>>> print(open('structure-v5.txt').read())   # compact mmCIF, C-alpha atoms
# COMPACT_ATOMS: atom_id res chain seq x y z
CA MET W 232 0.00 0.00 0.00
CA GLY W 233 2.87 2.39 0.68
CA ASN W 234 1.46 3.82 3.89
CA GLY W 235 4.08 4.38 6.60
CA ILE W 236 7.05 4.56 4.23
CA TYR W 237 9.55 7.32 4.85
CA LEU W 238 13.04 8.17 3.60
CA LEU W 239 16.15 8.97 5.57
CA GLN W 240 19.86 9.31 4.86
CA ASN W 241 21.18 8.40 8.30
CA LEU W 242 20.43 5.01 9.81
CA GLU W 243 21.14 6.39 13.27
CA LYS W 244 17.79 8.17 13.08
CA ILE W 245 16.01 4.79 13.31
CA ASN W 246 14.94 3.79 16.79
CA MET W 247 16.55 0.40 17.44
CA TYR W 248 13.41 -0.75 19.26
CA ASP W 249 11.07 0.03 16.32
CA HIS W 250 9.76 -2.85 14.23
CA VAL W 251 10.60 -1.67 10.72
CA VAL W 252 11.81 -3.03 7.41
CA VAL W 253 14.79 -1.13 5.99
CA GLN W 254 15.45 -1.19 2.26
CA ASP W 255 18.13 0.40 0.14
CA TYR W 256 16.76 3.26 -1.97
CA LEU W 257 17.31 2.80 -5.70
CA ASP W 258 18.18 6.37 -6.65
CA ARG W 259 18.87 5.99 -10.36
CA PRO W 260 15.52 5.12 -11.92
CA LEU W 261 14.64 5.14 -15.57
CA ILE W 262 12.72 8.39 -16.07
CA VAL W 263 9.79 8.60 -18.49
CA ASP W 264 8.26 12.02 -19.21
CA GLY W 265 10.14 13.41 -16.20
CA MET W 266 8.54 10.96 -13.74
CA LYS W 267 9.65 7.94 -11.78
CA PHE W 268 7.52 4.82 -12.30
CA ASP W 269 7.26 1.13 -11.55
CA LEU W 270 5.59 -1.77 -13.35
CA ARG W 271 2.78 -3.97 -12.07
CA ILE W 272 2.97 -7.27 -13.92
CA TYR W 273 0.60 -10.21 -13.48
CA VAL W 274 1.71 -13.80 -13.06
CA LEU W 275 -0.62 -16.79 -13.14
CA VAL W 276 0.47 -19.85 -11.15
CA LEU W 277 -1.76 -22.31 -12.96
CA SER W 278 -0.56 -25.35 -11.02
CA CYS W 279 2.16 -26.18 -8.52
CA ASP W 280 2.15 -29.97 -8.93
CA PRO W 281 3.39 -29.92 -11.67
CA LEU W 282 4.54 -26.29 -11.66
CA LYS W 283 2.98 -24.22 -14.47
CA VAL W 284 3.47 -20.44 -14.60
CA PHE W 285 2.34 -17.83 -17.12
CA LEU W 286 3.27 -14.15 -17.42
CA TYR W 287 0.64 -11.79 -18.80
CA ASP W 288 2.09 -9.92 -21.78
CA ASP W 289 0.94 -6.48 -20.62
CA GLY W 290 0.54 -4.66 -17.31
CA LEU W 291 0.52 -1.23 -15.73
CA MET W 292 3.03 1.62 -15.55
CA ARG W 293 2.36 3.46 -12.29
CA PHE W 294 3.84 6.94 -12.17
CA SER W 295 4.76 9.27 -9.34
CA THR W 296 3.05 12.65 -9.55
CA SER W 297 5.99 15.05 -9.06
CA GLU W 298 8.98 15.39 -11.39
CA TYR W 299 11.85 13.29 -10.14
CA SER W 300 15.02 14.63 -8.56
CA PRO W 301 17.66 12.60 -6.69
CA PRO W 302 16.92 12.49 -2.94
CA THR W 303 18.25 15.33 -0.80
CA GLU W 304 17.48 16.58 2.68
CA LYS W 305 15.09 19.11 1.13
CA ASN W 306 12.95 16.66 -0.84
CA LEU W 307 13.05 13.51 1.30
CA ASP W 308 9.51 14.23 2.54
CA ASN W 309 8.06 14.49 -0.95
CA MET W 310 6.45 11.06 -1.25
CA TYR W 311 4.77 12.07 -4.54
CA MET W 312 8.26 12.26 -6.05
CA HIS W 313 9.94 9.19 -4.58
CA LEU W 314 7.09 6.68 -4.35
CA THR W 315 5.03 5.24 -7.18
CA ASN W 316 2.34 3.59 -5.02
CA TYR W 317 -1.14 4.29 -6.33
CA SER W 318 -2.56 4.48 -2.78
CA ILE W 319 -0.31 7.50 -2.12
CA ASN W 320 -0.31 9.29 -5.47
CA LYS W 321 -4.08 9.16 -5.97
CA SER W 322 -4.39 11.87 -3.29
CA SER W 323 -2.02 14.20 -5.15
CA GLU W 324 -3.52 17.20 -6.91
CA HIS W 325 -1.34 16.27 -9.90
CA TYR W 326 -2.72 12.74 -10.20
CA HIS W 327 -3.98 12.41 -13.77
CA ASN W 328 -6.81 9.93 -14.30
CA CYS W 329 -7.10 9.44 -18.05
CA ASP W 330 -8.81 6.87 -20.29
CA ASP W 331 -5.95 7.08 -22.81
CA GLU W 332 -3.51 4.24 -22.07
CA ASN W 333 -0.65 6.44 -23.33
CA ARG W 334 -1.26 9.29 -20.90
CA GLY W 335 -2.10 9.81 -17.26
CA SER W 336 -0.62 8.49 -14.02
CA LYS W 337 -1.44 4.91 -15.01
CA ARG W 338 -0.49 3.63 -18.43
CA SER W 339 -0.17 0.36 -20.24
CA ILE W 340 3.21 -1.36 -20.51
CA LYS W 341 2.61 -1.14 -24.25
CA TYR W 342 3.32 2.57 -23.87
CA LEU W 343 6.70 1.75 -22.33
CA LYS W 344 7.43 -0.47 -25.32
CA MET W 345 6.68 2.41 -27.72
CA TRP W 346 8.63 4.90 -25.61
CA MET W 347 11.69 2.65 -25.51
CA ALA W 348 11.54 2.10 -29.27
CA SER W 349 11.44 5.87 -29.84
CA HIS W 350 14.55 6.25 -27.63
CA ASN W 351 16.43 3.34 -29.30
CA TYR W 352 16.12 1.02 -26.27
CA ASN W 353 15.57 -2.72 -26.64
CA PHE W 354 12.29 -3.64 -24.94
CA ALA W 355 12.68 -7.36 -25.73
CA THR W 356 15.90 -7.52 -23.69
CA LEU W 357 14.20 -5.81 -20.74
CA TRP W 358 11.17 -8.11 -20.92
CA ASN W 359 13.39 -11.21 -21.03
CA SER W 360 15.13 -9.97 -17.87
CA ILE W 361 11.73 -9.55 -16.21
CA ILE W 362 10.79 -13.10 -17.22
CA ASP W 363 14.02 -14.28 -15.61
CA ILE W 364 13.06 -12.52 -12.35
CA VAL W 365 9.60 -14.12 -12.43
CA ASN W 366 11.04 -17.60 -12.98
CA LYS W 367 13.59 -17.30 -10.18
CA THR W 368 11.04 -15.86 -7.74
CA ILE W 369 8.56 -18.69 -8.34
CA ILE W 370 11.30 -21.33 -8.16
CA ILE W 371 12.36 -19.99 -4.74
CA ALA W 372 8.77 -20.21 -3.46
CA GLU W 373 7.95 -23.52 -5.18
CA PRO W 374 8.96 -25.88 -2.30
CA TYR W 375 6.69 -23.97 0.11
CA LEU W 376 3.83 -23.90 -2.42
CA LEU W 377 4.16 -27.61 -3.10
CA HIS W 378 4.28 -28.47 0.62
CA THR W 379 1.17 -26.38 1.36
CA TYR W 380 -0.63 -27.88 -1.63
CA ARG W 381 0.09 -31.47 -0.62
CA MET W 382 -0.80 -30.84 3.04
CA ALA W 383 -4.20 -29.56 1.90
CA ARG W 384 -4.74 -32.70 -0.21
CA PRO W 385 -3.14 -35.61 1.72
CA GLY W 386 -2.83 -38.87 -0.15
CA THR W 387 -3.62 -37.29 -3.51
CA THR W 388 -1.29 -37.55 -6.48
CA SER W 389 -0.88 -35.01 -9.25
CA ALA W 390 -2.58 -37.45 -11.61
CA ALA W 391 -5.85 -37.14 -9.66
CA SER W 392 -6.61 -33.77 -11.23
CA SER W 393 -4.84 -31.56 -13.74
CA SER W 394 -5.61 -28.36 -11.83
CA VAL W 395 -7.29 -27.96 -8.44
CA CYS W 396 -5.93 -24.53 -7.49
CA PHE W 397 -4.47 -21.42 -9.06
CA GLU W 398 -3.33 -17.95 -8.05
CA VAL W 399 -2.82 -14.62 -9.81
CA LEU W 400 0.15 -12.72 -8.39
CA GLY W 401 0.94 -9.04 -8.80
CA MET W 402 4.68 -8.36 -9.02
CA ASP W 403 6.07 -4.83 -8.75
CA ILE W 404 9.16 -4.16 -10.85
CA PHE W 405 11.52 -1.16 -10.70
CA ILE W 406 13.58 -0.25 -13.79
CA ASP W 407 16.89 1.57 -13.33
CA ARG W 408 18.54 3.84 -15.88
CA LYS W 409 20.66 0.93 -17.15
CA LEU W 410 17.43 -0.95 -17.96
CA ARG W 411 17.96 -3.47 -15.19
CA PRO W 412 14.74 -4.69 -13.56
CA TRP W 413 14.51 -5.02 -9.75
CA LEU W 414 11.80 -6.93 -7.91
CA LEU W 415 10.21 -4.66 -5.30
CA GLU W 416 7.53 -6.99 -3.92
CA VAL W 417 5.11 -9.80 -4.69
CA ASN W 418 1.42 -9.32 -3.94
CA ARG W 419 -0.49 -12.54 -3.34
CA SER W 420 -3.81 -10.69 -3.47
CA PRO W 421 -3.34 -7.87 -6.00
CA SER W 422 -6.12 -5.32 -6.25
CA PHE W 423 -8.49 -5.67 -9.19
CA GLY W 424 -10.28 -2.43 -8.40
CA CYS W 425 -10.48 -0.05 -11.35
CA ASP W 426 -10.59 3.75 -11.53
CA SER W 427 -9.77 4.24 -15.21
CA LYS W 428 -10.28 2.59 -18.59
CA VAL W 429 -6.69 1.32 -18.80
CA ASP W 430 -7.14 -0.22 -15.34
CA ALA W 431 -10.33 -1.99 -16.37
CA ASP W 432 -9.04 -3.13 -19.76
CA ILE W 433 -5.88 -4.72 -18.39
CA LYS W 434 -7.33 -6.24 -15.22
CA PHE W 435 -10.39 -7.64 -16.96
CA ASP W 436 -8.19 -9.25 -19.60
CA VAL W 437 -5.90 -10.70 -16.90
CA ILE W 438 -8.89 -12.46 -15.31
CA LYS W 439 -10.32 -13.51 -18.66
CA THR W 440 -6.97 -14.95 -19.79
CA ALA W 441 -6.52 -16.77 -16.48
CA PHE W 442 -9.87 -18.55 -16.82
CA THR W 443 -9.16 -19.36 -20.45
CA LEU W 444 -5.89 -21.05 -19.44
CA LEU W 445 -7.63 -22.87 -16.58
CA ASN W 446 -10.00 -24.43 -19.13
CA LEU W 447 -12.45 -25.44 -16.42
CA LYS W 448 -15.05 -28.10 -17.24
CA PRO W 449 -17.98 -29.36 -15.11
CA SER W 450 -16.77 -32.93 -15.64
CA GLU W 451 -13.49 -32.13 -13.85
CA LYS W 452 -15.41 -30.96 -10.77
CA TRP W 453 -17.37 -34.23 -10.54
CA ARG W 454 -14.22 -36.27 -11.21
CA ALA W 455 -12.41 -34.51 -8.35
CA MET W 456 -15.40 -34.96 -6.01
CA ASN W 457 -15.60 -38.67 -6.82
CA ALA W 458 -11.87 -39.05 -6.22
CA GLN W 459 -12.26 -37.42 -2.79
CA LYS W 460 -15.20 -39.72 -1.94
CA GLN W 461 -13.23 -42.80 -2.93
CA LEU W 462 -10.30 -41.64 -0.82
CA SER W 463 -12.55 -41.07 2.21
CA ARG W 464 -14.22 -44.46 1.73
CA ALA W 465 -10.85 -46.18 1.51
CA ARG W 466 -9.77 -44.59 4.80
CA LEU W 467 -13.00 -45.68 6.54
CA LEU W 468 -12.80 -49.27 5.27
CA LYS W 469 -9.08 -49.66 5.78
CA PRO W 470 -8.41 -53.06 7.51
CA ARG W 471 -7.25 -52.79 11.12
CA ASN W 472 -4.20 -54.66 12.36
CA ASN W 473 -4.51 -57.57 14.80
CA LEU W 474 -3.75 -55.50 17.91
CA GLU W 475 -6.52 -53.00 17.08
CA ARG W 476 -8.98 -55.86 16.45
CA LYS W 477 -8.12 -57.56 19.74
CA THR W 478 -8.42 -54.30 21.68
CA GLN W 479 -11.79 -53.50 20.14
CA PHE W 480 -13.05 -57.04 20.82
CA SER W 481 -11.92 -56.87 24.47
CA VAL W 482 -13.65 -53.53 25.03
CA ARG W 483 -16.86 -54.77 23.46
CA LYS W 484 -16.75 -58.00 25.47
CA THR W 485 -16.29 -56.09 28.75
CA PHE W 486 -19.20 -53.80 27.92
CA LEU W 487 -21.55 -56.70 27.06
CA ARG W 488 -20.54 -58.59 30.22
CA GLY W 489 -21.38 -55.52 32.31
CA GLN W 490 -24.76 -55.20 30.62
CA LEU W 491 -25.50 -58.92 31.26
CA ASN W 492 -24.59 -58.63 34.97
CA GLU W 493 -26.88 -55.60 35.29
CA LEU W 494 -29.78 -57.56 33.76
CA ARG W 495 -29.17 -60.46 36.17
CA ARG W 496 -29.16 -58.09 39.15
CA VAL W 497 -32.45 -56.50 38.12
CA SER W 498 -33.98 -59.93 37.54
CA GLU W 499 -32.98 -61.15 41.03
CA GLN W 500 -34.48 -58.03 42.62
CA ASN W 501 -37.78 -58.65 40.83
CA LYS W 502 -37.86 -62.25 42.09
CA ILE W 503 -37.37 -61.11 45.71
CA ARG W 504 -40.22 -58.60 45.44
CA ARG W 505 -42.56 -61.28 44.22
>>> encode(input="structure-v5.txt", output="structure tokens")
Amino acid sequence: MGNGIYLLQNLEKINMYDHVVVQDYLDRPLIVDGMKFDLRIYVLVLSCDPLKVFLYDDGLMRFSTSEYSPPTEKNLDNMYMHLTNYSINKSSEHYHNCDDENRGSKRSIKYLKMWMASHNYNFATLWNSIIDIVNKTIIIAEPYLLHTYRMARPGTTSAASSSVCFEVLGMDIFIDRKLRPWLLEVNRSPSFGCDSKVDADIKFDVIKTAFTLLNLKPSEKWRAMNAQKQLSRARLLKPRNNLERKTQFSVRKTFLRGQLNELRRVSEQNKIRR
């Protein structure tokens, strides 16, 4: 969200007892139209067993709302200059909400492609570097994803269903002046709220493309439900070992013997009363 972020040039100003995350400021960003920006790209994890990942071929450029200058003591407090978070810049009087994907404070990555071509930069090289970041990030998280997935579906093999879960991730990418991409963060629940046409066009198509790749069919739902029923039935009807059988028989025998003794006692009392 960006709330609570502040800049400083002296680490001694941080209270050692505060719970904070400290990050190095990347002070040499690629500047487009005088503004700093970052990229929001969308990644679909279609399956984690086996691992299948897709990168959406477009995304959002999110601009700051004040012309960029390197950080100094005088401008450290200007969050509209140093931060590109939408949650912060939307409150700026210079925030430009525009339906044209080539203008405004939010633009399509297609605009970046055109801008780079007009400045003799190679967009394909940059995009391949971003793909490399996506691959490495997912590979790092894959063991945790696979463990969580298998814990949620114990005893199930990957052959039981081609796809039983998916997730759309929002990754934020910073581009420096040497056209090197840097991963800022990964959002497991990216916002799909829209306040402009470019927002709606891109986010709607992300969701549409995700469901197209999922290729969901009603028959797969029933097949998965039947597989779960068979698994549950197998657990209920699983043969017990000899020790369990003997223990259960002994408990039942003791219970029945107690019931029989109680019936005999009641019968004797009735005889005495007569």
>>> residues_around(input="structure-v5.txt", residues="Lys434 (chain W)", least_positions_apart="3", cutoff="8 Å", atoms="only C-alpha atoms", output="PyMOL selection string")
chain W and resi 423+425+430-431+437-438
>>> write_last_selection(input="structure-v5.txt", atoms="C-alpha atoms", output="short mmCIF file (atom, residue, chain, number, x, y, z; two decimals), in the coordinates of the input")
data_model
loop_
_atom_site.label_atom_id
_atom_site.label_comp_id
_atom_site.auth_asym_id
_atom_site.auth_seq_id
_atom_site.Cartn_x
_atom_site.Cartn_y
_atom_site.Cartn_z
CA PHE W 423 -8.49 -5.67 -9.19
CA CYS W 425 -10.48 -0.05 -11.35
CA ASP W 430 -7.14 -0.22 -15.34
CA ALA W 431 -10.33 -1.99 -16.37
CA VAL W 437 -5.90 -10.70 -16.90
CA ILE W 438 -8.89 -12.46 -15.31
#
>>> atom_distance(input="structure-v5.txt", atom1="CA of Ala355 (chain W)", atom2="CA of Glu398 (chain W)")
26.1 Å
>>> atom_distance(input="structure-v5.txt", atom1="CA of Tyr287 (chain W)", atom2="CA of Pro421 (chain W)")
14.0 Å
>>> residues_around(input="structure-v5.txt", residues="region 318-333 of chain W", least_positions_apart="2", cutoff="12 Å", atoms="only C-alpha atoms", output="number ranges by chain")
W: 232-236, 263-264, 266-268, 289-298, 309-316, 335-346, 422, 424-433
>>> atom_distance(input="structure-v5.txt", atom1="CA of Glu243 (chain W)", atom2="CA of Lys305 (chain W)")
18.6 Å
>>> closest_residue(input="structure-v5.txt", among="W:Leu491, W:Val365, W:Leu462, W:Ala455", to="Phe285 (chain W)", atoms="all atoms listed in the file")
W:Val365
>>> closest_residue(input="structure-v5.txt", among="W:Lys283, W:Met347, W:Leu414, W:Arg381", to="Ser360 (chain W)", atoms="all atoms listed in the file")
W:Leu414
>>> residues_near_point(input="structure-v5.txt", point="(12.4, 3.5, -13.8)", cutoff="8 Å", atoms="only C-alpha atoms", output="NGL selection string")
:W and (259-263 or 267-269 or 405-408 or 410)
